[in-house]
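Next comes coords.tsv, a file with TSV, C-alpha atoms.
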chain	number	residue	atom	x	y	z
A	1	MET	CA	49.05	-181.10	0.97
A	2	ASP	CA	48.99	-182.06	4.63
A	3	ASN	CA	52.13	-183.15	6.41
A	4	LEU	CA	53.12	-186.64	5.35
A	5	LYS	CA	53.51	-189.38	7.98
A	6	LEU	CA	54.27	-192.92	6.83
A	7	ILE	CA	55.19	-196.11	8.67
A	8	ALA	CA	57.14	-198.90	6.92
A	9	LEU	CA	57.00	-202.46	8.24
A	10	ASP	CA	57.70	-204.42	5.03
A	11	ARG	CA	59.28	-204.10	1.59
A	12	GLU	CA	56.13	-202.68	-0.05
A	13	ASP	CA	55.87	-200.00	2.65
A	14	ILE	CA	59.52	-198.96	2.28
A	15	GLU	CA	59.04	-198.66	-1.50
A	16	VAL	CA	56.31	-196.06	-0.86
A	17	VAL	CA	58.59	-194.22	1.58
A	18	SER	CA	61.41	-194.38	-0.99
A	19	ALA	CA	59.20	-192.83	-3.69
A	20	HIS	CA	58.46	-189.86	-1.41
A	21	LEU	CA	62.15	-189.48	-0.55
A	22	GLN	CA	63.60	-189.62	-4.06
A	23	ASP	CA	65.89	-186.60	-4.48
A	24	ALA	CA	65.77	-185.59	-0.83
A	25	VAL	CA	68.82	-183.55	0.18
A	26	VAL	CA	70.73	-184.63	3.30
A	27	LYS	CA	73.78	-183.22	5.05
A	28	SER	CA	76.06	-185.87	6.53
A	29	ALA	CA	75.81	-184.04	9.89
A	30	ASP	CA	72.06	-184.75	9.83
A	31	ILE	CA	72.51	-188.53	9.88
A	32	ARG	CA	72.44	-189.71	13.51
A	33	TRP	CA	73.36	-193.26	14.53
A	34	ARG	CA	72.21	-193.85	18.12
A	35	PRO	CA	73.68	-197.30	18.97
A	36	ALA	CA	72.54	-197.26	22.62
A	37	GLU	CA	68.96	-196.78	21.35
A	38	ASN	CA	69.29	-199.09	18.30
A	39	ARG	CA	68.09	-196.17	16.18
A	40	VAL	CA	69.13	-194.17	13.11
A	41	VAL	CA	67.52	-190.79	12.45
A	42	VAL	CA	68.02	-188.79	9.26
A	43	ALA	CA	66.87	-185.17	8.91
A	44	LEU	CA	66.38	-184.20	5.28
A	45	ASN	CA	64.86	-181.73	2.85
A	46	ARG	CA	62.31	-183.76	0.92
A	47	PHE	CA	61.28	-182.76	-2.62
A	48	ASP	CA	57.46	-182.65	-2.88
A	49	TRP	CA	56.84	-184.86	-5.93
A	50	GLU	CA	53.05	-184.71	-5.53
A	51	ALA	CA	53.05	-180.92	-5.97
A	52	ALA	CA	55.50	-181.18	-8.90
A	53	ASN	CA	53.12	-183.52	-10.74
A	54	CYS	CA	50.04	-181.26	-10.35
A	55	ALA	CA	48.81	-178.69	-12.83
A	56	PRO	CA	50.40	-176.17	-12.67
A	57	PRO	CA	53.52	-177.83	-11.27
A	58	GLN	CA	54.89	-176.42	-8.03
A	59	PHE	CA	58.50	-177.13	-7.12
A	60	ARG	CA	58.97	-177.15	-3.37
A	61	ARG	CA	60.74	-178.88	-0.51
A	62	ARG	CA	59.96	-179.49	3.13
A	63	ARG	CA	61.91	-180.58	6.20
A	64	ALA	CA	61.28	-184.21	7.18
A	65	ALA	CA	62.69	-186.90	9.44
A	66	LEU	CA	63.31	-190.54	8.59
A	67	ARG	CA	63.69	-192.86	11.58
A	68	PHE	CA	64.71	-196.52	11.75
A	69	GLU	CA	64.26	-198.61	14.90
A	70	ARG	CA	65.82	-201.96	15.90
A	71	VAL	CA	69.09	-201.16	14.12
A	72	SER	CA	71.92	-203.46	15.19
A	73	ALA	CA	74.64	-202.04	12.89
A	74	CYS	CA	75.17	-198.96	10.74
A	75	LYS	CA	77.81	-198.88	8.01
A	76	CYS	CA	78.56	-196.27	5.40
A	77	ARG	CA	80.36	-195.98	2.07
A	78	GLU	CA	81.63	-192.72	0.57
A	79	LEU	CA	80.28	-190.75	3.55
A	80	ASN	CA	82.62	-188.65	5.65
A	81	ALA	CA	81.27	-188.02	9.16
A	82	ALA	CA	84.00	-185.44	9.77
A	83	GLN	CA	82.82	-183.45	6.73
A	84	LYS	CA	79.65	-182.09	8.36
A	85	ASP	CA	78.59	-180.01	5.34
A	86	GLN	CA	78.81	-182.88	2.84
A	87	VAL	CA	75.54	-182.69	0.89
A	88	LEU	CA	74.00	-185.95	-0.29
A	89	ASN	CA	71.18	-186.56	-2.75
A	90	LEU	CA	69.05	-189.53	-1.67
A	91	LEU	CA	68.05	-191.70	-4.62
A	92	ALA	CA	66.32	-194.67	-3.00
A	93	VAL	CA	65.68	-196.63	0.18
A	94	SER	CA	65.42	-200.42	-0.04
A	95	PHE	CA	65.00	-203.42	2.26
A	96	GLU	CA	66.26	-206.97	1.73
A	97	GLU	CA	65.41	-209.75	4.19
A	98	THR	CA	68.38	-211.82	5.33
A	99	ASP	CA	66.92	-214.01	8.08
A	100	GLN	CA	63.23	-213.20	8.38
A	101	PRO	CA	62.22	-210.81	9.84
A	102	ALA	CA	65.79	-209.40	10.00
A	103	GLY	CA	67.33	-207.72	7.01
A	104	VAL	CA	69.31	-204.87	5.55
A	105	VAL	CA	68.05	-201.38	4.79
A	106	THR	CA	70.11	-199.49	2.20
A	107	LEU	CA	69.93	-195.76	1.59
A	108	MET	CA	71.53	-195.06	-1.81
A	109	PHE	CA	72.84	-191.59	-2.60
A	110	SER	CA	74.07	-190.12	-5.88
A	111	GLY	CA	77.80	-190.48	-6.48
A	112	GLY	CA	77.91	-193.99	-5.01
A	113	ALA	CA	77.49	-193.09	-1.34
A	114	ALA	CA	75.40	-195.49	0.72
A	115	LEU	CA	74.23	-196.13	4.25
A	116	ARG	CA	73.64	-199.78	5.21
A	117	LEU	CA	71.55	-200.59	8.27
A	118	GLU	CA	71.30	-204.09	9.68
A	119	VAL	CA	67.90	-204.38	11.36
A	120	GLU	CA	66.18	-206.99	13.55
A	121	CYS	CA	63.04	-206.23	11.54
A	122	LEU	CA	61.91	-203.33	9.38
A	123	GLU	CA	60.45	-200.54	11.48
A	124	ALA	CA	60.71	-197.11	9.89
A	125	GLU	CA	58.83	-193.82	9.99
A	126	LEU	CA	58.88	-190.83	7.64
A	127	ALA	CA	57.34	-187.63	9.01
A	128	ASP	CA	57.21	-184.10	7.63
A	129	LEU	CA	58.31	-181.55	10.20
A	130	GLY	CA	57.07	-178.25	8.85
A	131	PRO	CA	55.85	-176.09	6.00
A	132	THR	CA	57.09	-176.17	2.43
A	133	TRP	CA	59.31	-173.64	0.68
A	134	VAL	CA	59.61	-172.93	-3.02
A	135	THR	CA	62.58	-174.17	-5.01
A	136	GLU	CA	63.27	-173.04	-8.57
A	137	CYS	CA	63.95	-176.39	-10.18
A	138	CYS	CA	62.75	-179.94	-10.30
A	139	PRO	CA	65.36	-182.70	-9.88
A	140	ALA	CA	66.16	-184.50	-13.13
A	141	HIS	CA	68.06	-187.69	-13.90
A	142	ALA	CA	70.16	-188.98	-16.76
A	143	VAL	CA	68.28	-191.08	-19.28
A	144	GLU	CA	70.25	-193.76	-21.18
A	145	GLY	CA	73.60	-192.12	-20.46
A	146	GLU	CA	72.50	-188.58	-21.32
A	147	VAL	CA	72.58	-185.81	-18.76
A	148	ALA	CA	69.10	-184.43	-18.15
A	149	GLU	CA	68.67	-180.71	-17.65
A	150	PRO	CA	66.73	-179.73	-14.51
A	151	ALA	CA	63.27	-178.37	-15.20
A	152	GLN	CA	63.01	-174.67	-14.44
A	153	MET	CA	59.99	-172.85	-13.18
A	154	SER	CA	58.83	-170.13	-15.52
A	155	SER	CA	59.59	-166.60	-14.31
A	156	GLN	CA	55.83	-165.95	-14.12
A	157	ALA	CA	55.30	-169.00	-11.89
A	158	ALA	CA	58.34	-168.07	-9.79
A	159	SER	CA	56.98	-164.57	-9.16
A	160	LYS	CA	53.62	-166.03	-8.06
A	161	GLN	CA	55.41	-168.34	-5.64
A	162	GLY	CA	57.07	-165.44	-3.88

Structure encoded using structure tokens:
Amino acid sequence: MDNLKLIALDREDIEVVSAHLQDAVVKSADIRWRPAENRVVVALNRFDWEAANCAPPQFRRRRAALRFERVSACKCRELNAAQKDQVLNLLAVSFEETDQPAGVVTLMFSGGAALRLEVECLEAELADLGPTWVTECCPAHAVEGEVAEPAQMSSQAASKQG
């Protein structure tokens, strides 16, 4: 797959971006609020869901950047900026209009952590930054209160992947 580059200007666009970012891994040190520039930039390791859903499935990640423009405020919950190695699992990105075209972008992480961005209007970009690397498992989620086991690559597939 070629490097992904998406622009989000409305709720439907951000839903597509969110689908590509589900289960991305982020370190708190890689979330940058740039108030003088009205910008938030997040560097993350995105799980490649398209490759995972092909036959045969390939489990891999790639470095990507998520950028939001026209950000007037950035608030966080359950995130510790001083704890630079805090690892977060991104579950979803959403946008709710408050006073059109202004609204709130929310990045929800597992464990209840969240990043809330107040924006003049939705203007976001997701861009892959480099090649993929193989990971041994596919993220899994609890279904109806049960804990799901992560899917494992077979040892034969793992040896082919390097």

Pick from A:Ser18, A:Leu107, A:Leu66, A:Val41 nearest to Ala127 in chain A, counting all atoms listed in the file: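 Ranked by minimum distance to Ala127 in chain A, first place goes to A:Leu66.
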
Excluding range 6-9 of chain A and any residue of its chain fewer than 5 positions from it, enumerate the residues within 12 Å of it, using all atoms listed in the file, and give them as a PyMOL selection string. chain A and resi 14-21+64-70+93-95+97+101-103+105+119-128

Give, as lines of an AutoDock Vina configuration file, the centre coordinates and the x, y and z edge lengths in Å to one decimal for an axis-aligned box around all listed atoms of range 34-43 of chain A, padded by 8 Å on each side.
center_x = 70.3
center_y = -192.1
center_z = 15.8
size_x = 22.8
size_y = 29.9
size_z = 29.7

In terms of the shortest atom-to-atom distance over all atoms listed in the file, which of A:Asn3, A:Thr106, A:Leu91, A:Asp30 is closest to Asp48 in chain A? A:Asn3

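Here CA of Asn53 in chain A stands at a distance of 19.1 Å from CA of Val25 in chain A.
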
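CA of Arg60 in chain A to CA of Ser110 in chain A spans 20.1 Å [interatomic distance, one decimal].
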
What lies within 9 Å of Cys74 in chain A using only C-alpha atoms, ignoring chain neighbours under 5 positions off, as a VMD selection string? chain A and resid 33 35 40 115 to 118

Rebuild N, CA and C atoms on range 47-73 of chain A, as a PDB file, in the frame of the given file?
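File result09.pdb, as written:
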ATOM      1  N   PHE A  47      61.916-183.406  -1.476  1.00  0.00           N
ATOM      2  CA  PHE A  47      61.280-182.760  -2.620  1.00  0.00           C
ATOM      3  C   PHE A  47      59.831-183.239  -2.679  1.00  0.00           C
ATOM      4  N   ASP A  48      58.888-182.325  -2.866  1.00  0.00           N
ATOM      5  CA  ASP A  48      57.460-182.650  -2.880  1.00  0.00           C
ATOM      6  C   ASP A  48      57.038-183.061  -4.291  1.00  0.00           C
ATOM      7  N   TRP A  49      57.157-184.351  -4.591  1.00  0.00           N
ATOM      8  CA  TRP A  49      56.840-184.860  -5.930  1.00  0.00           C
ATOM      9  C   TRP A  49      55.362-184.746  -6.255  1.00  0.00           C
ATOM     10  N   GLU A  50      54.484-184.832  -5.265  1.00  0.00           N
ATOM     11  CA  GLU A  50      53.050-184.710  -5.530  1.00  0.00           C
ATOM     12  C   GLU A  50      52.726-183.321  -6.086  1.00  0.00           C
ATOM     13  N   ALA A  51      53.291-182.286  -5.497  1.00  0.00           N
ATOM     14  CA  ALA A  51      53.050-180.920  -5.970  1.00  0.00           C
ATOM     15  C   ALA A  51      53.688-180.704  -7.341  1.00  0.00           C
ATOM     16  N   ALA A  52      54.817-181.347  -7.608  1.00  0.00           N
ATOM     17  CA  ALA A  52      55.500-181.180  -8.900  1.00  0.00           C
ATOM     18  C   ALA A  52      54.712-181.821 -10.035  1.00  0.00           C
ATOM     19  N   ASN A  53      53.886-182.818  -9.713  1.00  0.00           N
ATOM     20  CA  ASN A  53      53.120-183.520 -10.740  1.00  0.00           C
ATOM     21  C   ASN A  53      51.692-183.007 -10.875  1.00  0.00           C
ATOM     22  N   CYS A  54      51.368-181.888 -10.221  1.00  0.00           N
ATOM     23  CA  CYS A  54      50.040-181.260 -10.350  1.00  0.00           C
ATOM     24  C   CYS A  54      50.069-180.232 -11.475  1.00  0.00           C
ATOM     25  N   ALA A  55      48.883-179.762 -11.839  1.00  0.00           N
ATOM     26  CA  ALA A  55      48.810-178.690 -12.830  1.00  0.00           C
ATOM     27  C   ALA A  55      48.324-177.425 -12.132  1.00  0.00           C
ATOM     28  N   PRO A  56      49.034-176.325 -12.179  1.00  0.00           N
ATOM     29  CA  PRO A  56      50.400-176.170 -12.670  1.00  0.00           C
ATOM     30  C   PRO A  56      51.396-176.765 -11.668  1.00  0.00           C
ATOM     31  N   PRO A  57      52.535-177.235 -12.183  1.00  0.00           N
ATOM     32  CA  PRO A  57      53.520-177.830 -11.270  1.00  0.00           C
ATOM     33  C   PRO A  57      54.090-176.810 -10.301  1.00  0.00           C
ATOM     34  N   GLN A  58      54.275-177.243  -9.071  1.00  0.00           N
ATOM     35  CA  GLN A  58      54.890-176.420  -8.030  1.00  0.00           C
ATOM     36  C   GLN A  58      56.112-177.158  -7.525  1.00  0.00           C
ATOM     37  N   PHE A  59      57.266-176.510  -7.586  1.00  0.00           N
ATOM     38  CA  PHE A  59      58.500-177.130  -7.120  1.00  0.00           C
ATOM     39  C   PHE A  59      58.782-176.622  -5.715  1.00  0.00           C
ATOM     40  N   ARG A  60      58.751-177.544  -4.760  1.00  0.00           N
ATOM     41  CA  ARG A  60      58.970-177.150  -3.370  1.00  0.00           C
ATOM     42  C   ARG A  60      59.567-178.296  -2.570  1.00  0.00           C
ATOM     43  N   ARG A  61      60.140-177.926  -1.433  1.00  0.00           N
ATOM     44  CA  ARG A  61      60.740-178.880  -0.510  1.00  0.00           C
ATOM     45  C   ARG A  61      60.156-178.650   0.875  1.00  0.00           C
ATOM     46  N   ARG A  62      60.373-179.637   1.736  1.00  0.00           N
ATOM     47  CA  ARG A  62      59.960-179.490   3.130  1.00  0.00           C
ATOM     48  C   ARG A  62      60.886-180.317   4.006  1.00  0.00           C
ATOM     49  N   ARG A  63      61.062-179.877   5.234  1.00  0.00           N
ATOM     50  CA  ARG A  63      61.910-180.580   6.200  1.00  0.00           C
ATOM     51  C   ARG A  63      61.167-181.824   6.666  1.00  0.00           C
ATOM     52  N   ALA A  64      61.872-182.934   6.752  1.00  0.00           N
ATOM     53  CA  ALA A  64      61.280-184.210   7.180  1.00  0.00           C
ATOM     54  C   ALA A  64      62.312-185.001   7.971  1.00  0.00           C
ATOM     55  N   ALA A  65      61.813-186.006   8.680  1.00  0.00           N
ATOM     56  CA  ALA A  65      62.690-186.900   9.440  1.00  0.00           C
ATOM     57  C   ALA A  65      62.373-188.339   9.045  1.00  0.00           C
ATOM     58  N   LEU A  66      63.419-189.127   8.885  1.00  0.00           N
ATOM     59  CA  LEU A  66      63.310-190.540   8.590  1.00  0.00           C
ATOM     60  C   LEU A  66      63.965-191.274   9.751  1.00  0.00           C
ATOM     61  N   ARG A  67      63.203-192.175  10.383  1.00  0.00           N
ATOM     62  CA  ARG A  67      63.690-192.860  11.580  1.00  0.00           C
ATOM     63  C   ARG A  67      63.598-194.366  11.397  1.00  0.00           C
ATOM     64  N   PHE A  68      64.667-195.054  11.775  1.00  0.00           N
ATOM     65  CA  PHE A  68      64.710-196.520  11.750  1.00  0.00           C
ATOM     66  C   PHE A  68      64.939-197.018  13.168  1.00  0.00           C
ATOM     67  N   GLU A  69      64.138-197.984  13.591  1.00  0.00           N
ATOM     68  CA  GLU A  69      64.260-198.610  14.900  1.00  0.00           C
ATOM     69  C   GLU A  69      64.852-200.010  14.737  1.00  0.00           C
ATOM     70  N   ARG A  70      65.301-200.590  15.847  1.00  0.00           N
ATOM     71  CA  ARG A  70      65.820-201.960  15.900  1.00  0.00           C
ATOM     72  C   ARG A  70      67.041-202.160  14.998  1.00  0.00           C
ATOM     73  N   VAL A  71      67.880-201.132  14.943  1.00  0.00           N
ATOM     74  CA  VAL A  71      69.090-201.160  14.120  1.00  0.00           C
ATOM     75  C   VAL A  71      70.230-201.742  14.946  1.00  0.00           C
ATOM     76  N   SER A  72      70.823-202.824  14.460  1.00  0.00           N
ATOM     77  CA  SER A  72      71.920-203.460  15.190  1.00  0.00           C
ATOM     78  C   SER A  72      73.298-203.024  14.688  1.00  0.00           C
ATOM     79  N   ALA A  73      73.364-202.522  13.439  1.00  0.00           N
ATOM     80  CA  ALA A  73      74.640-202.040  12.890  1.00  0.00           C
ATOM     81  C   ALA A  73      74.364-200.988  11.832  1.00  0.00           C
TER      82      ALA A  73
END
